[in-house]
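Below is one structure, written out as structure tokens; the observations come after it.
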Amino acid sequence: MKNPFARQNDYSTLDDAALVALAKTDRDAFGELYERYLGKMYSYVYYRTGNSHDAEDLTAKVFLRAFSHIGKYVDRGLPFQAWLYRIAHNLVANWRRDQSRRKIIALEDYLERDLQTEAPEERAERRDEHDSLLRAVRRLPAERQQLLILKYVERMPNREIGIIMGRSEGAIKSLYHRTLLALRAELSAAPASARENRSSG
């Protein structure tokens with residue numbers, strides 16, 4: 001995505017706090033923040049929406065909203081990216097409400113590169129396992145999907161996930177444990193359901 005906040009000055013050596021302070025009056029400083037977090041915001045939105053078109057549109061809206069509200073941003077000791085993730089989360093939630101049907105989390109592209117070197121039969125078996133996992137993830141509440149994306153796609157520690165989701169680190173650990181148990185139960189039930197469908201068909 002082309003940076004709409006094109007920069008003339010080089011602020012790459014400044015930390016986020018200094019950039020945010022400058023960005024309140026300097027478009028170039030916001031352009032540096034855009035460059036730093038574009039990839040993370042796009043990745044997060046993409047895995048929540050399931051397609052690149054909506055992900056690009058919503059990612060642009062994340063930064064436009066951040067740019068229009070940067071003057072009111074108050075540093076409360078949290079990372080700047082936590083504020084961006086919350087904007088992204090709210091935009092995705094609104095987008096989901098506007099959809100006539102629930103979109104999927106398209107993790108297939110993320111997993112695809114792992115399949116390139118396998119034999120055809122191994123690839124087919126692993127694809128079945130991935131499909132089962134994806135179906136189980138899609139049935140989770142949005143909050144648990146968000147947790148899995150931040151943990152496995154963004155590779156964030158529980159403390160940072162807690163900041164973004166507005167929960168304590170302990171609450172994130174608990175939610176993660178419950179999410180894994182729910183996924184395990186879903187995946188255990190799936191083979192039995194498939195066998196029943198084949199026998200009744």
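Every chain in the structure tokens takes a letter, A first, then B, and so on in the order presented; its residues are numbered from 1, and the ligands are numbered from 1 following the presented order.
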Residue neighbourhood range 19-27 of chain A, 10 Å, only C-alpha atoms, exclusion window fewer than 6 positions, as a tab-separated table (two decimals) with N, CA and C atoms, in the first residue's frame:
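Output below, filename around.tsv:
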```
chain	number	residue	atom	x	y	z
A	4	PRO	N	0.08	7.25	2.15
A	4	PRO	CA	-0.59	8.52	1.84
A	4	PRO	C	-0.02	9.67	2.65
A	5	PHE	N	0.81	9.33	3.64
A	5	PHE	CA	1.44	10.35	4.48
A	5	PHE	C	2.92	10.44	4.08
A	6	ALA	N	3.14	10.72	2.79
A	6	ALA	CA	4.49	10.71	2.24
A	6	ALA	C	5.42	11.61	3.04
A	7	ARG	N	6.64	11.10	3.29
A	7	ARG	CA	7.56	11.78	4.18
A	7	ARG	C	8.66	12.52	3.43
A	8	GLN	N	9.03	13.68	3.93
A	8	GLN	CA	10.19	14.41	3.41
A	8	GLN	C	11.32	14.36	4.43
A	9	ASN	N	10.98	14.25	5.69
A	9	ASN	CA	11.98	14.18	6.76
A	9	ASN	C	12.19	12.73	7.19
A	11	TYR	N	12.54	10.34	10.16
A	11	TYR	CA	12.33	10.23	11.61
A	11	TYR	C	12.57	8.81	12.10
A	12	SER	N	13.26	8.00	11.30
A	12	SER	CA	13.38	6.57	11.61
A	12	SER	C	14.13	6.29	12.91
A	13	THR	N	14.93	7.25	13.40
A	13	THR	CA	15.69	7.00	14.62
A	13	THR	C	14.91	7.34	15.89
A	33	LEU	N	5.19	6.59	11.53
A	33	LEU	CA	4.37	5.64	12.30
A	33	LEU	C	3.61	4.71	11.36
A	67	PHE	N	-4.93	9.13	12.26
A	67	PHE	CA	-4.42	10.45	11.88
A	67	PHE	C	-5.38	11.57	12.30
A	68	SER	N	-6.68	11.30	12.13
A	68	SER	CA	-7.66	12.34	12.48
A	68	SER	C	-7.81	12.52	13.99
A	69	HIS	N	-7.39	11.52	14.79
A	69	HIS	CA	-7.54	11.60	16.24
A	69	HIS	C	-6.20	11.72	16.98
A	70	ILE	N	-5.09	11.80	16.23
A	70	ILE	CA	-3.78	11.81	16.88
A	70	ILE	C	-3.62	13.02	17.79
A	71	GLY	N	-4.29	14.12	17.47
A	71	GLY	CA	-4.20	15.31	18.31
A	71	GLY	C	-4.78	15.11	19.69
A	72	LYS	N	-5.71	14.15	19.82
A	72	LYS	CA	-6.35	13.88	21.11
A	72	LYS	C	-5.70	12.69	21.83
A	73	TYR	N	-4.72	12.07	21.17
A	73	TYR	CA	-4.08	10.89	21.77
A	73	TYR	C	-3.33	11.28	23.04
A	74	VAL	N	-3.56	10.51	24.10
A	74	VAL	CA	-2.88	10.74	25.37
A	74	VAL	C	-2.05	9.51	25.71
A	75	ASP	N	-0.77	9.70	25.96
A	75	ASP	CA	0.12	8.59	26.31
A	75	ASP	C	-0.14	8.19	27.76
A	80	PHE	N	2.06	2.53	21.65
A	80	PHE	CA	1.23	3.19	20.63
A	80	PHE	C	0.48	2.18	19.79
```
May I have the residues within 9 Å of range 34-44 of chain A as a list in words, using only C-alpha atoms and disregarding those fewer than 6 positions away in the same chain?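 Within the cut-off, the hits are Met1, Asn3, Pro4, Phe5, Ser12, Ser52, Ala55, Glu56, Leu58, Thr59, Ala60, Val62, Phe63, Gln81, Leu84, Tyr85, Ala88, His89, Gln146, Ile149, Leu150, Val153 and Glu154 of chain A.
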Using Å and a single decimal, report how far CA of Trp83 in chain A sits from CA of Asn158 in chain A.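 We find that CA of Asn158 in chain A and CA of Trp83 in chain A lie 16.6 Å from each other.
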Which of these residues is nearest to Met156 in chain A, using only C-alpha atoms: A:Arg144, A:Gln99, A:Ala185, A:Ala82?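 The shortest atom-to-atom distance to Met156 in chain A comes from A:Ala82.
With only C-alpha atoms as the atoms that count, the residue of A:Asn94, A:Ala171, A:Ser132, A:Arg159 with the shortest distance to Ser188 in chain A is A:Ser132.
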